[in-house]
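Student: Provided herewith is a single structure, encoded as structure tokens, for subsequent inquiry.
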Amino acid sequence: MELKPPLVIASGVGGMGEYLQLIDSKYIGAYTLKTITLFPKQGNPPPRLFATQNYLINNIGLENIGIDAFVENLLSDKYAEVFDRTKVIFSLGGDSPDEYKAVAEKIAPHERYFEAIEVNFSCPNVKEGGLNILSDLSSFKDVLSCIRKTLKGFLIAKVGIEGAIVEKIAQIVEDHGWNGITLINTVRGLEIVEDRIIKGGLSGPLLKPIALRAVYEVKNKTHKLYVIGSGGIMCEKDVDDFFKVGANAISLGTVVYKNPMIVERIAEHIWRCYR
Amino acid sequence: MESFTLTVKRTFKTSRDSYIITFNEKIDFVPTQFIMIETPSVVRKPFGLGNWFADLAIGVQVIGKGTQYIVEQKILSAHGPLGRGFVPPSGKGAMISTLACLAMAFDLHQRCGCDVFIGALEEPQIEVPFKTVLGDQQFVELLKSLKGYDWFYVVGSDQMEKVCFELLHDKAPVYLSFNEYMACGLGACRGCAIQTKEGLKHVCVDGPVFRGDLIWN
């Protein structure tokens, strides 16, 4: 996968391409769509967000239209503008091993649309799937094998730091012939606001040292994986740090909410310093 | 919709914790549309667009560090305008607002000639060009006295909107502006979901204004 610049818009944050209304696509290497599951998901009940200067907790719950409606939209060119303007990464999710495999089978005939397929093994906001897959390694390996057989293109596993040691997971991903890994997804967080508990995936600056360590460990353990560093990148210095520990690309998430124009600034920094 | 900076022309208090900020720039918007403004938080905050006499304006109620930051700035980064905006139904309408939303009220009054009523907890710190009542009791009496309107539009706290809906919905349709937490404001993050009788809706793209009877009985 060759991204120019090696800058990805993270899944979930970018929705289905909405931020292309604000960010010039020439600054984006690839745009990851919102995770799509086998069946439509309404997502979790509100409240879904809580933010401070240091972190965001989101409890969206993978709200999405499901793979059948997604493919229908894809074939009727509903997302044509996104594909016309930038490379697109499909984000695949599921509630069980069988669902992951089923979504892979349904997207397989349409792989040509995508620069890569990223499989979300780590959403902390759904009861099944996500983190649960990583806690059962034999099931995880089975899913990796099946999806690798089904999909022929560039395959990326998106994982968090929970469920198993991240470098171990990365080694398994590499051993199953996958091409890349995105490190890291949000981690489970909880905050109490006005006596109400808000649980969800924690993202933002607080994640950076954790994500950086994950990238560092994975780069030392694996040899071939294309590593996309993701977690708490807010400025040029953060980008430099991720590249220093070996990331092949960086993924921007929460920072896009804070200021979408930072994407352009970071892309210019990458061109200037890493060309 | 676009990203832009706004330069503050004037910031002035309307009450103990509410402000109107006017800007040197103009934005083409429809009533009740909003912009997302950058704060020290990792997400931007939504503010309804309005006018204060000839100037573009927003109203801000200081409820924390983010809103405090906004009233202290001379330049603000933002994107918008966002949301569907509110097209008032035909007939005679009334808007009920707090002092924090005075700029939106002024805009709607200018555009459609609706009557505006302001509920405040204390004497306003500026001259308000609309009928203003002080305290909960007077506010409830005002709501009970409103007659002959074809629609109501309410903007304020969740609690105030609920009271208004309960006292007004038998008289005419009541439209409410919702204040759900947002991250993007443009439909990407799906964070601002609210439960309605037609399923989940998203305040940023389906609203921010909804008919009250879509939400409450």
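Residue names in the structure tokens use chain letters A, B, ... in the order shown, residue numbers from 1 in each chain, and ligand numbers from 1 in the order shown.
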Return as a ChimeraX atom specification the full set of residues in segment 29-211 of chain B whose backbone-based DSSP assignment is helix (DSSP H, G or I).
Tutor: /B:65-72,99-112,135-145,158-168,203-206
Student: Please, which residues of chain A lie no more than 10 Å from chain B when the count uses only C-alpha atoms, and can they be set out as a PyMOL selection string?
Tutor: chain A and resi 11-19+21-23+33-34+42-56+58-64+203-205+234+254-261
Student: Got a sec: who's within 9 Å of Ile156 of chain A, counting only C-alpha atoms, leaving out chain neighbours fewer than 4 positions off, as a compact mmCIF listing (two decimals) with N, CA and C atoms, in the first residue's frame?
Tutor:
```
# COMPACT_ATOMS: atom_id res chain seq x y z
N ALA A 116 -7.57 -0.78 0.73
CA ALA A 116 -7.31 -1.84 1.71
C ALA A 116 -8.61 -2.13 2.45
N ILE A 117 -8.60 -3.27 3.13
CA ILE A 117 -9.73 -3.59 4.01
C ILE A 117 -9.16 -3.71 5.42
N GLU A 118 -9.71 -2.89 6.30
CA GLU A 118 -9.27 -2.91 7.70
C GLU A 118 -10.34 -3.63 8.51
N VAL A 119 -9.92 -4.62 9.27
CA VAL A 119 -10.88 -5.37 10.07
C VAL A 119 -10.78 -4.91 11.53
N ASN A 120 -11.90 -4.45 12.01
CA ASN A 120 -11.96 -3.85 13.35
C ASN A 120 -12.13 -4.95 14.40
N VAL A 173 -1.14 -11.99 13.45
CA VAL A 173 -1.69 -11.33 12.24
C VAL A 173 -0.71 -11.52 11.07
N TRP A 178 -1.51 -11.52 6.71
CA TRP A 178 -2.11 -10.19 6.60
C TRP A 178 -1.01 -9.16 6.34
N ASN A 179 -1.41 -8.03 5.79
CA ASN A 179 -0.42 -7.06 5.33
C ASN A 179 -0.12 -5.95 6.34
N GLY A 180 -1.10 -5.60 7.14
CA GLY A 180 -0.88 -4.44 8.00
C GLY A 180 -1.63 -4.53 9.31
N ILE A 181 -1.31 -3.58 10.17
CA ILE A 181 -1.98 -3.53 11.47
C ILE A 181 -2.15 -2.05 11.86
N THR A 182 -3.29 -1.71 12.39
CA THR A 182 -3.52 -0.35 12.90
C THR A 182 -3.47 -0.41 14.42
N LEU A 225 4.87 -6.43 8.58
CA LEU A 225 3.59 -5.71 8.71
C LEU A 225 3.74 -4.21 8.46
N TYR A 226 2.82 -3.68 7.69
CA TYR A 226 2.70 -2.23 7.49
C TYR A 226 1.97 -1.70 8.72
N VAL A 227 2.62 -0.85 9.48
CA VAL A 227 2.04 -0.41 10.76
C VAL A 227 1.49 1.02 10.64
```
Student: Atom CA of Cys101 of chain B and atom CA of Asp17 of chain B are how many Å apart?
Tutor: 12.2 Å
Student: Go through B:Met160, B:Val8, B:Ala100, B:Leu146 and flag the residue nearest Ala172 of chain B, using only C-alpha atoms for the distances.
Tutor: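 Using only C-alpha atoms, the shortest distance to Ala172 of chain B belongs to B:Leu146.
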Student: Would you give me, as a list in words, the residues in segment 1-96 of chain A that DSSP reads as strand (DSSP E or B)?
Tutor: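 Those in segment 1-96 of chain A that DSSP calls strand (DSSP E or B) are Leu7, Val8, Ile9, Ala30, Tyr31, Thr32, Ile36, Lys41, Leu49, Phe50, Ala51, Leu56, Ile57, Asn58, Asn64, Val88, Ile89, Phe90, Ser91 and Leu92 of chain A.
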Student: Deliver the residues from the most recent selection as a file, using all heavy atoms, as a short mmCIF file (atom, residue, chain, number, x, y, z; two decimals), in the first residue's frame.
Tutor:
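Output file again00.cif is given in full below:
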```cif
data_model
loop_
_atom_site.label_atom_id
_atom_site.label_comp_id
_atom_site.auth_asym_id
_atom_site.auth_seq_id
_atom_site.Cartn_x
_atom_site.Cartn_y
_atom_site.Cartn_z
N LEU A 7 -0.91 9.23 5.52
CA LEU A 7 -1.82 9.81 6.51
C LEU A 7 -3.23 9.28 6.24
O LEU A 7 -3.75 9.42 5.13
CB LEU A 7 -1.79 11.34 6.39
CG LEU A 7 -2.61 12.20 7.33
CD1 LEU A 7 -2.09 13.62 7.36
CD2 LEU A 7 -4.10 12.19 7.02
N VAL A 8 -3.81 8.68 7.24
CA VAL A 8 -5.12 8.03 7.10
C VAL A 8 -6.12 8.73 8.02
O VAL A 8 -5.78 9.10 9.14
CB VAL A 8 -4.99 6.53 7.49
CG1 VAL A 8 -6.35 5.85 7.48
CG2 VAL A 8 -4.01 5.82 6.59
N ILE A 9 -7.33 8.90 7.52
CA ILE A 9 -8.41 9.35 8.42
C ILE A 9 -9.00 8.09 9.06
O ILE A 9 -9.38 7.14 8.37
CB ILE A 9 -9.51 10.12 7.65
CG1 ILE A 9 -8.93 11.35 6.95
CG2 ILE A 9 -10.66 10.49 8.57
CD1 ILE A 9 -8.37 12.42 7.86
N ALA A 30 -5.41 8.13 2.68
CA ALA A 30 -6.59 7.25 2.55
C ALA A 30 -7.60 7.62 3.62
O ALA A 30 -7.23 8.08 4.71
CB ALA A 30 -6.19 5.79 2.68
N TYR A 31 -8.86 7.39 3.29
CA TYR A 31 -9.96 7.76 4.19
C TYR A 31 -10.67 6.46 4.58
O TYR A 31 -11.18 5.74 3.72
CB TYR A 31 -10.92 8.67 3.41
CG TYR A 31 -11.87 9.50 4.24
CD1 TYR A 31 -11.72 10.88 4.31
CD2 TYR A 31 -12.93 8.91 4.92
CE1 TYR A 31 -12.61 11.65 5.05
CE2 TYR A 31 -13.82 9.67 5.66
CZ TYR A 31 -13.66 11.05 5.71
OH TYR A 31 -14.54 11.82 6.45
N THR A 32 -10.66 6.16 5.85
CA THR A 32 -11.31 4.92 6.30
C THR A 32 -12.77 5.20 6.62
O THR A 32 -13.09 6.12 7.37
CB THR A 32 -10.61 4.36 7.56
OG1 THR A 32 -9.20 4.44 7.37
CG2 THR A 32 -11.02 2.92 7.81
N ILE A 36 -18.55 -1.28 9.05
CA ILE A 36 -19.80 -1.88 8.57
C ILE A 36 -19.88 -3.31 9.10
O ILE A 36 -18.93 -4.08 9.01
CB ILE A 36 -19.84 -1.89 7.02
CG1 ILE A 36 -19.72 -0.46 6.45
CG2 ILE A 36 -21.10 -2.58 6.51
CD1 ILE A 36 -20.89 0.45 6.73
N LYS A 41 -26.92 -1.66 12.52
CA LYS A 41 -26.85 -1.43 13.98
C LYS A 41 -27.35 -0.03 14.28
O LYS A 41 -26.90 0.93 13.65
CB LYS A 41 -25.40 -1.54 14.46
CG LYS A 41 -24.96 -2.93 14.84
CD LYS A 41 -23.55 -2.85 15.43
CE LYS A 41 -23.01 -4.22 15.76
NZ LYS A 41 -23.71 -4.82 16.90
N LEU A 49 -21.30 10.66 24.04
CA LEU A 49 -20.01 11.36 24.02
C LEU A 49 -19.75 12.09 25.32
O LEU A 49 -20.68 12.60 25.96
CB LEU A 49 -19.99 12.42 22.90
CG LEU A 49 -20.15 11.98 21.46
CD1 LEU A 49 -20.35 13.20 20.57
CD2 LEU A 49 -18.94 11.19 21.00
N PHE A 50 -18.47 12.15 25.68
CA PHE A 50 -18.04 13.04 26.76
C PHE A 50 -16.59 13.43 26.46
O PHE A 50 -15.77 12.57 26.16
CB PHE A 50 -18.14 12.38 28.14
CG PHE A 50 -17.60 13.27 29.22
CD1 PHE A 50 -18.32 14.38 29.64
CD2 PHE A 50 -16.36 13.03 29.79
CE1 PHE A 50 -17.81 15.23 30.61
CE2 PHE A 50 -15.85 13.87 30.77
CZ PHE A 50 -16.58 14.97 31.19
N ALA A 51 -16.28 14.71 26.55
CA ALA A 51 -14.92 15.15 26.16
C ALA A 51 -14.32 16.09 27.18
O ALA A 51 -15.03 16.84 27.86
CB ALA A 51 -14.98 15.84 24.80
N LEU A 56 -11.52 11.92 24.79
CA LEU A 56 -12.93 11.81 24.40
C LEU A 56 -13.37 10.40 24.75
O LEU A 56 -12.64 9.44 24.47
CB LEU A 56 -13.06 12.05 22.89
CG LEU A 56 -14.41 11.72 22.24
CD1 LEU A 56 -15.50 12.67 22.71
CD2 LEU A 56 -14.30 11.78 20.72
N ILE A 57 -14.52 10.27 25.36
CA ILE A 57 -15.11 8.94 25.53
C ILE A 57 -16.30 8.86 24.58
O ILE A 57 -17.19 9.72 24.61
CB ILE A 57 -15.57 8.70 26.98
CG1 ILE A 57 -14.36 8.64 27.91
CG2 ILE A 57 -16.36 7.39 27.08
CD1 ILE A 57 -14.70 8.44 29.38
N ASN A 58 -16.27 7.86 23.69
CA ASN A 58 -17.42 7.70 22.80
C ASN A 58 -18.06 6.35 23.02
O ASN A 58 -17.39 5.35 23.28
CB ASN A 58 -17.01 7.91 21.34
CG ASN A 58 -16.61 6.62 20.66
OD1 ASN A 58 -17.48 5.81 20.31
ND2 ASN A 58 -15.32 6.40 20.51
N ASN A 64 -24.41 1.63 12.14
CA ASN A 64 -24.16 1.57 10.69
C ASN A 64 -25.32 0.89 9.98
O ASN A 64 -26.18 0.28 10.62
CB ASN A 64 -22.83 0.85 10.41
CG ASN A 64 -22.92 -0.65 10.52
OD1 ASN A 64 -23.07 -1.34 9.53
ND2 ASN A 64 -22.85 -1.18 11.75
N VAL A 88 -9.78 4.88 -0.51
CA VAL A 88 -10.73 4.57 0.55
C VAL A 88 -10.38 3.21 1.17
O VAL A 88 -10.05 2.25 0.46
CB VAL A 88 -12.17 4.54 0.00
CG1 VAL A 88 -13.16 4.14 1.10
CG2 VAL A 88 -12.55 5.90 -0.57
N ILE A 89 -10.44 3.15 2.49
CA ILE A 89 -10.27 1.89 3.22
C ILE A 89 -11.63 1.47 3.78
O ILE A 89 -12.33 2.29 4.40
CB ILE A 89 -9.23 2.05 4.36
CG1 ILE A 89 -7.85 2.38 3.76
CG2 ILE A 89 -9.15 0.78 5.21
CD1 ILE A 89 -6.77 2.71 4.80
N PHE A 90 -11.99 0.23 3.52
CA PHE A 90 -13.25 -0.30 4.06
C PHE A 90 -12.98 -0.84 5.46
O PHE A 90 -12.01 -1.56 5.67
CB PHE A 90 -13.76 -1.43 3.15
CG PHE A 90 -15.02 -2.09 3.65
CD1 PHE A 90 -16.25 -1.48 3.47
CD2 PHE A 90 -14.97 -3.32 4.29
CE1 PHE A 90 -17.42 -2.10 3.94
CE2 PHE A 90 -16.12 -3.94 4.75
CZ PHE A 90 -17.35 -3.32 4.58
N SER A 91 -13.84 -0.52 6.42
CA SER A 91 -13.69 -1.03 7.79
C SER A 91 -14.75 -2.09 8.05
O SER A 91 -15.95 -1.81 7.97
CB SER A 91 -13.81 0.12 8.79
OG SER A 91 -13.76 -0.40 10.11
N LEU A 92 -14.27 -3.27 8.37
CA LEU A 92 -15.16 -4.44 8.50
C LEU A 92 -15.31 -4.81 9.98
O LEU A 92 -14.31 -4.94 10.69
CB LEU A 92 -14.51 -5.57 7.70
CG LEU A 92 -15.22 -6.90 7.46
CD1 LEU A 92 -14.57 -7.63 6.30
CD2 LEU A 92 -15.27 -7.77 8.69
#
```
